[in-house]
>>> print(open('query.txt').read())   # compact mmCIF, C-alpha atoms and all ligand atoms
# COMPACT_ATOMS: atom_id res chain seq x y z
CA MET A 1300 15.75 20.21 -9.01
CA ASP A 1301 14.20 16.96 -7.91
CA ILE A 1302 10.92 15.65 -6.56
CA LEU A 1303 10.25 15.31 -2.83
CA PRO A 1304 12.87 13.01 -1.26
CA GLU A 1305 10.13 10.83 0.26
CA LEU A 1306 8.73 10.15 -3.21
CA ARG A 1307 12.17 9.41 -4.66
CA LYS A 1308 13.26 7.11 -1.81
CA ARG A 1309 10.00 5.22 -1.24
CA VAL A 1310 10.09 1.50 -1.93
CA SER A 1311 7.91 -1.46 -1.03
CA PRO A 1312 10.26 -3.54 1.12
CA LEU A 1313 10.19 -7.32 1.21
CA VAL A 1314 12.11 -7.63 4.45
CA PHE A 1315 10.94 -5.95 7.65
CA GLU A 1316 12.67 -5.62 11.01
CA GLU A 1317 10.76 -6.92 13.99
CA THR A 1318 11.29 -3.55 15.74
CA ASP A 1319 8.01 -2.09 16.96
CA VAL A 1320 6.49 1.16 15.77
CA LYS A 1321 5.98 3.74 18.51
CA ASN A 1322 2.42 4.97 19.06
CA ALA A 1323 3.54 8.58 18.50
CA LYS A 1324 4.61 7.62 14.96
CA LEU A 1325 1.38 5.70 14.34
CA GLU A 1326 -0.56 8.80 15.34
CA LEU A 1327 1.33 10.85 12.73
CA LEU A 1328 0.55 8.27 10.04
CA ILE A 1329 -3.12 8.36 10.97
CA GLU A 1330 -3.08 12.15 10.92
CA ALA A 1331 -1.57 12.12 7.41
CA ALA A 1332 -4.13 9.57 6.20
CA ARG A 1333 -7.11 11.48 7.58
CA TRP A 1334 -6.16 14.72 5.83
CA ALA A 1335 -6.35 13.12 2.38
CA PRO A 1336 -8.79 14.63 -0.11
CA SER A 1337 -11.92 12.61 -0.91
CA CYS A 1338 -14.99 12.91 -3.10
CA PHE A 1339 -17.47 15.21 -1.25
CA ASN A 1340 -15.06 14.93 1.70
CA ASN A 1341 -16.72 11.59 2.45
CA GLN A 1342 -13.61 10.05 4.05
CA SER A 1343 -15.27 6.66 3.72
CA TRP A 1344 -12.08 4.71 4.50
CA ASN A 1345 -11.76 2.55 7.61
CA TYR A 1346 -8.30 1.40 8.67
CA ILE A 1347 -7.74 -1.55 10.99
CA PHE A 1348 -4.21 -1.64 12.42
CA VAL A 1349 -3.30 -5.15 13.51
CA HIS A 1350 -0.20 -5.46 15.67
CA ARG A 1351 1.56 -8.81 15.93
CA ASP A 1352 0.23 -9.10 19.52
CA HIS A 1353 -3.40 -8.44 18.58
CA SER A 1354 -5.95 -11.25 18.78
CA SER A 1355 -6.86 -11.05 15.07
CA ARG A 1356 -3.27 -11.22 13.82
CA ASN A 1357 -3.05 -14.98 13.13
CA ALA A 1358 -6.31 -15.05 11.21
CA LEU A 1359 -5.25 -12.03 9.15
CA GLU A 1360 -1.90 -13.64 8.35
CA GLU A 1361 -3.77 -16.79 7.26
CA ALA A 1362 -5.76 -14.68 4.79
CA LEU A 1363 -2.61 -13.55 2.94
CA SER A 1364 -1.61 -15.24 -0.31
CA LEU A 1365 1.30 -17.65 0.02
CA GLY A 1366 3.51 -15.27 -1.96
CA ASN A 1367 2.97 -12.57 0.66
CA GLY A 1368 4.40 -14.57 3.55
CA TRP A 1369 7.21 -11.99 3.87
CA ALA A 1370 4.63 -9.55 5.33
CA LYS A 1371 4.23 -11.57 8.53
CA LYS A 1372 7.48 -10.14 9.90
CA ALA A 1373 6.15 -6.59 9.97
CA PRO A 1374 4.97 -5.36 13.38
CA TYR A 1375 1.75 -4.06 11.81
CA LEU A 1376 -0.53 -5.42 9.11
CA VAL A 1377 -3.16 -2.87 8.19
CA ALA A 1378 -6.40 -3.51 6.30
CA VAL A 1379 -8.33 -0.69 4.65
CA GLY A 1380 -12.01 -1.16 3.81
CA ALA A 1381 -15.01 0.96 2.93
CA ASN A 1382 -18.70 0.65 2.23
CA PRO A 1383 -19.14 1.24 -1.54
CA GLU A 1384 -22.72 2.43 -0.93
CA LYS A 1385 -21.49 5.27 1.27
CA ASP A 1386 -19.39 7.10 -1.30
CA CYS A 1387 -19.70 8.87 -4.64
CA ARG A 1388 -20.65 6.94 -7.78
CA THR A 1389 -20.18 9.90 -10.15
CA ASN A 1390 -19.88 8.58 -13.72
CA GLY A 1391 -20.37 5.12 -12.23
CA LEU A 1392 -16.88 5.17 -10.74
CA PRO A 1393 -16.03 3.44 -7.43
CA TYR A 1394 -14.73 6.51 -5.60
CA TYR A 1395 -14.69 4.63 -2.29
CA ALA A 1396 -11.64 2.79 -3.62
CA TYR A 1397 -10.06 5.87 -5.22
CA ASN A 1398 -10.46 7.85 -1.99
CA ALA A 1399 -8.97 5.06 0.11
CA GLY A 1400 -6.02 4.92 -2.28
CA LEU A 1401 -5.40 8.65 -1.87
CA SER A 1402 -5.53 8.31 1.89
CA VAL A 1403 -3.18 5.32 1.92
CA MET A 1404 -0.70 7.18 -0.27
CA CYS A 1405 -0.67 10.07 2.22
CA LEU A 1406 0.10 7.55 4.95
CA VAL A 1407 2.80 5.91 2.81
CA ILE A 1408 4.61 9.20 2.24
CA GLU A 1409 4.34 10.19 5.91
CA ALA A 1410 5.71 6.73 6.83
CA GLU A 1411 8.68 7.37 4.55
CA HIS A 1412 9.16 10.76 6.22
CA GLN A 1413 9.18 9.04 9.63
CA GLY A 1414 11.77 6.45 8.58
CA LEU A 1415 9.12 3.73 8.27
CA ARG A 1416 8.10 1.76 5.17
CA VAL A 1417 4.86 0.36 3.77
CA HIS A 1418 4.30 -2.52 1.37
CA GLN A 1419 0.78 -2.65 -0.05
CA MET A 1420 -0.80 -5.93 -1.11
CA ALA A 1421 -3.65 -7.13 -3.30
CA GLY A 1422 -2.81 -10.76 -2.54
CA TRP A 1423 -5.24 -11.88 0.17
CA ASN A 1424 -8.63 -13.58 0.44
CA GLU A 1425 -11.28 -10.91 1.00
CA ALA A 1426 -13.80 -13.13 2.83
CA GLU A 1427 -11.06 -14.29 5.20
CA VAL A 1428 -9.82 -10.74 5.86
CA LYS A 1429 -13.38 -9.56 6.55
CA ASN A 1430 -13.99 -12.48 8.84
CA ALA A 1431 -10.69 -12.06 10.69
CA LEU A 1432 -11.25 -8.36 11.35
CA GLY A 1433 -15.03 -8.14 11.64
CA PHE A 1434 -15.62 -5.77 8.71
CA PRO A 1435 -19.39 -5.32 8.20
CA GLU A 1436 -21.10 -7.38 5.49
CA ARG A 1437 -21.45 -4.56 2.95
CA TYR A 1438 -17.83 -3.42 3.21
CA ARG A 1439 -15.18 -4.19 0.61
CA VAL A 1440 -11.58 -4.64 1.65
CA ILE A 1441 -9.50 -2.44 -0.64
CA VAL A 1442 -5.94 -3.10 0.42
CA VAL A 1443 -3.86 -4.75 3.12
CA PHE A 1444 -0.43 -3.36 3.84
CA ALA A 1445 2.58 -4.24 5.94
CA LEU A 1446 4.04 -1.42 8.02
CA GLY A 1447 7.32 -1.23 9.88
CA TYR A 1448 11.03 -0.61 9.51
CA GLU A 1449 12.82 -2.08 6.54
CA SER A 1450 15.52 -4.55 7.47
CA GLY A 1451 19.03 -4.36 6.07
CA ILE A 1452 19.00 -7.53 3.99
CA LYS A 1453 22.73 -8.27 4.08
CA SER A 1454 22.56 -9.96 7.49
CA ILE A 1455 19.64 -12.20 6.55
CA TRP A 1456 20.37 -12.74 2.83
CA GLU A 1457 21.32 -16.41 3.23
CA LYS A 1458 18.06 -17.17 5.06
CA LEU A 1459 15.82 -15.69 2.34
CA GLU A 1460 13.78 -17.86 -0.06
CA GLU A 1461 15.23 -17.97 -3.60
CA ARG A 1462 12.09 -16.27 -4.94
CA LEU A 1463 12.63 -13.28 -2.64
CA LYS A 1464 16.32 -13.10 -3.53
CA ASP A 1465 15.39 -12.93 -7.22
CA LYS A 1466 12.86 -10.17 -6.55
CA LEU A 1467 15.32 -8.16 -4.47
CA ALA A 1468 18.08 -8.50 -7.06
CA LYS A 1469 15.89 -6.95 -9.79
CA SER A 1470 16.22 -3.21 -10.29
CA ARG A 1471 13.10 -1.11 -9.84
CA GLU A 1472 11.73 0.17 -13.12
CA ARG A 1473 9.07 2.49 -14.47
CA LYS A 1474 7.49 2.74 -17.94
CA PRO A 1475 8.83 5.54 -20.14
CA VAL A 1476 7.07 8.84 -19.48
CA GLU A 1477 5.65 9.01 -23.04
CA GLN A 1478 3.67 5.81 -22.45
CA ASN A 1479 1.53 7.25 -19.67
CA PHE A 1480 1.67 11.03 -19.79
CA PHE A 1481 0.39 13.09 -22.70
CA PHE A 1482 -0.12 16.73 -23.56
CA ASP A 1483 -3.02 18.02 -25.63
CA LYS A 1484 -4.59 14.67 -26.69
CA PHE A 1485 -4.56 10.95 -25.90
CA ASN A 1486 -1.34 10.10 -27.62
CA PRO A 1487 0.44 6.95 -26.42
CA ILE A 1488 3.68 5.98 -28.13
CA GLU A 1489 2.08 2.73 -29.43
CA ALA A 1490 -0.51 4.77 -31.32
CA ILE A 1491 2.23 6.86 -32.94
CA HIS A 1492 3.98 3.66 -34.09
CA LEU A 1493 0.72 2.28 -35.51
CA SER A 1494 0.04 5.38 -37.57
CA ASN A 1495 3.53 5.34 -39.13
C1 LIG A 1501 -2.65 -2.01 -4.93
C2 LIG A 1501 -1.32 -2.70 -4.83
C3 LIG A 1501 -1.29 -4.07 -4.68
C4 LIG A 1501 -0.05 -4.73 -4.53
N1 LIG A 1501 -0.04 -6.09 -4.26
C5 LIG A 1501 1.14 -6.68 -3.96
C6 LIG A 1501 1.15 -8.02 -3.48
O1 LIG A 1501 0.11 -8.67 -3.28
N2 LIG A 1501 2.36 -8.58 -3.19
C7 LIG A 1501 3.54 -7.89 -3.34
O2 LIG A 1501 4.61 -8.45 -3.05
N3 LIG A 1501 3.54 -6.60 -3.76
C8 LIG A 1501 2.38 -5.97 -4.06
N4 LIG A 1501 2.36 -4.65 -4.42
C9 LIG A 1501 3.63 -3.89 -4.52
C10 LIG A 1501 3.98 -3.61 -5.98
O3 LIG A 1501 4.44 -4.78 -6.59
C11 LIG A 1501 5.03 -2.49 -6.00
O4 LIG A 1501 4.45 -1.30 -5.52
C12 LIG A 1501 5.55 -2.25 -7.41
O5 LIG A 1501 6.26 -3.37 -7.86
C13 LIG A 1501 6.48 -1.05 -7.48
O6 LIG A 1501 7.53 -1.20 -6.55
P1 LIG A 1501 7.83 -0.07 -5.46
O7 LIG A 1501 6.58 0.10 -4.63
O8 LIG A 1501 8.98 -0.57 -4.64
O9 LIG A 1501 8.15 1.18 -6.20
C14 LIG A 1501 1.16 -3.99 -4.58
C15 LIG A 1501 1.11 -2.60 -4.75
C16 LIG A 1501 -0.12 -1.96 -4.84
C17 LIG A 1501 -0.14 -0.44 -4.94
>>> encode(input="query.txt", output="C-alpha cells")
Amino acid sequence: MDILPELRKRVSPLVFEETDVKNAKLELLIEAARWAPSCFNNQSWNYIFVHRDHSSRNALEEALSLGNGWAKKAPYLVAVGANPEKDCRTNGLPYYAYNAGLSVMCLVIEAEHQGLRVHQMAGWNEAEVKNALGFPERYRVIVVFALGYESGIKSIWEKLEERLKDKLAKSRERKPVEQNFFFDKFNPIEAIHLSN
C-alpha cells in the first residue's frame, strides 16, 4: 500500500524547461483549483497566470527575490491573491490564506497528474507584485508559483549556479512522523524527552 503516486512523486523543481503549457492542460489545473473546499464556500482566491509573453511578465520577474531567479525559466508564473475582508475570520484566523493554500494544493496535484510541476514561492516583494499585476489595494498576495515542465538537469548541470547545484544535490527530507502527528493529546517527542 502506498499514498497517491502524485503525492509521492511531487517535488518543487529548480530547473524548468522552456516548453509551453497547452491551454487544455491549464484549463484542467484551473478546474482542479476551483473545486477546492473553502470556508463557507467563499472561494476568495484570485489567480493571475502570467505567461512569458504577457505584458506584465518582466515586472513580475523583477518582484522576485534574487534567490528565486530560477523561476524565470518557467513558461508561467502565477500569483494568487485574495481580499482578507471577504473571507471567514472564525477564531480570528486568516482563512483567506488557508483557503487559497487548499486551492493551490489541488492545482499542484493536478499539475503532477498532468506531467507538469509547480514550485511555490514566498520570496517576492508584495508591493511590486501587486503593482505589476494590478491587484486591488485591499488584496494580499499569498503566493507566487512557477509552473511548467521540469527539465532534466543532466544536460544543463554545468551551466547551473553553484548554489543551485548544492540545493539539487541535497536529498529531500521530512521531519519524523512523531514530531508532527499525535494521537489522543498534544504529545511532541520533545515534550516526552523533557518529562524524562
Ligand atoms: C508557501 C511556500 C513558500 C515557498 N517559498 C520558496 C521560495 O521563495 N523559494 C524557493 O526556492 N522555494 C520555496 N518553497 C519551496 C519549499 O522550499 C519546498 O516546498 C520544500 O523545501 C519541500 O520541498 P518539495 O516541495 O520538493 O517537497 C516554498 C514552498 C511553499 C509551500
>>> residues_near_ligand(input="query.txt", ligand="ligand LIG 1501 (chain A)", cutoff="7 Å", atoms="all atoms listed in the file", output="mmCIF file with C-alpha atoms, keeping the file's coordinate frame")
data_model
loop_
_atom_site.group_PDB
_atom_site.id
_atom_site.type_symbol
_atom_site.label_atom_id
_atom_site.label_comp_id
_atom_site.auth_asym_id
_atom_site.auth_seq_id
_atom_site.Cartn_x
_atom_site.Cartn_y
_atom_site.Cartn_z
ATOM 1 C CA ARG A 1309 10.000 5.220 -1.240
ATOM 2 C CA VAL A 1310 10.090 1.500 -1.930
ATOM 3 C CA SER A 1311 7.910 -1.460 -1.030
ATOM 4 C CA PRO A 1312 10.260 -3.540 1.120
ATOM 5 C CA GLY A 1366 3.510 -15.270 -1.960
ATOM 6 C CA ASN A 1367 2.970 -12.570 0.660
ATOM 7 C CA HIS A 1418 4.300 -2.520 1.370
ATOM 8 C CA GLN A 1419 0.780 -2.650 -0.050
ATOM 9 C CA MET A 1420 -0.800 -5.930 -1.110
ATOM 10 C CA ALA A 1421 -3.650 -7.130 -3.300
ATOM 11 C CA GLY A 1422 -2.810 -10.760 -2.540
ATOM 12 C CA VAL A 1442 -5.940 -3.100 0.420
ATOM 13 C CA ARG A 1471 13.100 -1.110 -9.840
#
>>> closest_residue(input="query.txt", among="A:Leu1303, A:Leu1313, A:Ile1452, A:Ala1410", to="Trp1369 of chain A", atoms="all atoms listed in the file")
A:Leu1313
>>> axis_aligned_box(input="query.txt", around="segment 1447-1463 of chain A", padding_each_side="5 Å", output="AutoDock Vina command-line options")
--center_x 15.0 --center_y -9.3 --center_z 2.5 --size_x 25.4 --size_y 27.4 --size_z 24.8
>>> residues_around(input="query.txt", residues="Glu1436 of chain A", least_positions_apart="5", cutoff="12 Å", atoms="only C-alpha atoms", output="PyMOL selection string")
chain A and resi 1380-1384+1425-1426+1428-1430
>>> closest_residue(input="query.txt", among="A:Pro1336, A:Gly1400, A:Gly1447, A:Pro1393", to="Asp1319 of chain A", atoms="all atoms listed in the file")
A:Gly1447
>>> closest_residue(input="query.txt", among="A:Phe1482, A:Phe1434, A:Phe1339, A:Phe1315", to="Ala1378 of chain A", atoms="only C-alpha atoms")
A:Phe1434
>>> residues_near_point(input="query.txt", point="(1.1, 5.0, 17.9)", cutoff="12 Å", atoms="all atoms listed in the file", output="ChimeraX atom specification")
/A:1319-1330,1348-1350,1374-1375,1447
>>> build_atoms(input="query.txt", residues="segment 1322-1337 of chain A", atoms="N, CA, C and O atoms", output="short mmCIF file (atom, residue, chain, number, x, y, z; two decimals), in the coordinates of the input")
data_model
loop_
_atom_site.label_atom_id
_atom_site.label_comp_id
_atom_site.auth_asym_id
_atom_site.auth_seq_id
_atom_site.Cartn_x
_atom_site.Cartn_y
_atom_site.Cartn_z
N ASN A 1322 3.77 4.41 19.24
CA ASN A 1322 2.42 4.97 19.06
C ASN A 1322 2.45 6.40 18.53
O ASN A 1322 1.61 6.79 17.73
N ALA A 1323 3.46 7.17 18.97
CA ALA A 1323 3.54 8.58 18.50
C ALA A 1323 3.69 8.61 16.99
O ALA A 1323 3.14 9.49 16.32
N LYS A 1324 4.43 7.66 16.42
CA LYS A 1324 4.61 7.62 14.96
C LYS A 1324 3.31 7.16 14.29
O LYS A 1324 2.91 7.70 13.26
N LEU A 1325 2.66 6.16 14.90
CA LEU A 1325 1.38 5.70 14.34
C LEU A 1325 0.39 6.85 14.26
O LEU A 1325 -0.35 6.99 13.29
N GLU A 1326 0.38 7.66 15.32
CA GLU A 1326 -0.56 8.80 15.34
C GLU A 1326 -0.28 9.76 14.19
O GLU A 1326 -1.21 10.30 13.58
N LEU A 1327 0.99 9.96 13.86
CA LEU A 1327 1.33 10.85 12.73
C LEU A 1327 0.86 10.25 11.40
O LEU A 1327 0.36 10.96 10.53
N LEU A 1328 0.99 8.93 11.28
CA LEU A 1328 0.55 8.27 10.04
C LEU A 1328 -0.96 8.42 9.89
O LEU A 1328 -1.48 8.68 8.79
N ILE A 1329 -1.66 8.25 11.00
CA ILE A 1329 -3.12 8.36 10.97
C ILE A 1329 -3.52 9.80 10.62
O ILE A 1329 -4.44 10.03 9.83
N GLU A 1330 -2.79 10.75 11.20
CA GLU A 1330 -3.08 12.15 10.92
C GLU A 1330 -2.90 12.45 9.42
O GLU A 1330 -3.71 13.15 8.80
N ALA A 1331 -1.82 11.90 8.86
CA ALA A 1331 -1.57 12.12 7.41
C ALA A 1331 -2.69 11.48 6.60
O ALA A 1331 -3.20 12.09 5.64
N ALA A 1332 -3.10 10.28 6.97
CA ALA A 1332 -4.13 9.57 6.20
C ALA A 1332 -5.48 10.28 6.27
O ALA A 1332 -6.23 10.32 5.29
N ARG A 1333 -5.78 10.88 7.42
CA ARG A 1333 -7.11 11.48 7.58
C ARG A 1333 -7.25 12.81 6.87
O ARG A 1333 -8.35 13.29 6.62
N TRP A 1334 -6.10 13.44 6.53
CA TRP A 1334 -6.16 14.72 5.83
C TRP A 1334 -6.15 14.57 4.31
O TRP A 1334 -6.06 15.56 3.57
N ALA A 1335 -6.29 13.35 3.84
CA ALA A 1335 -6.35 13.12 2.38
C ALA A 1335 -7.62 13.74 1.80
O ALA A 1335 -8.65 13.82 2.48
N PRO A 1336 -7.57 14.16 0.54
CA PRO A 1336 -8.79 14.63 -0.11
C PRO A 1336 -9.69 13.43 -0.43
O PRO A 1336 -9.21 12.31 -0.58
N SER A 1337 -11.01 13.70 -0.51
CA SER A 1337 -11.92 12.61 -0.91
C SER A 1337 -13.17 13.23 -1.55
O SER A 1337 -13.51 14.38 -1.27
#
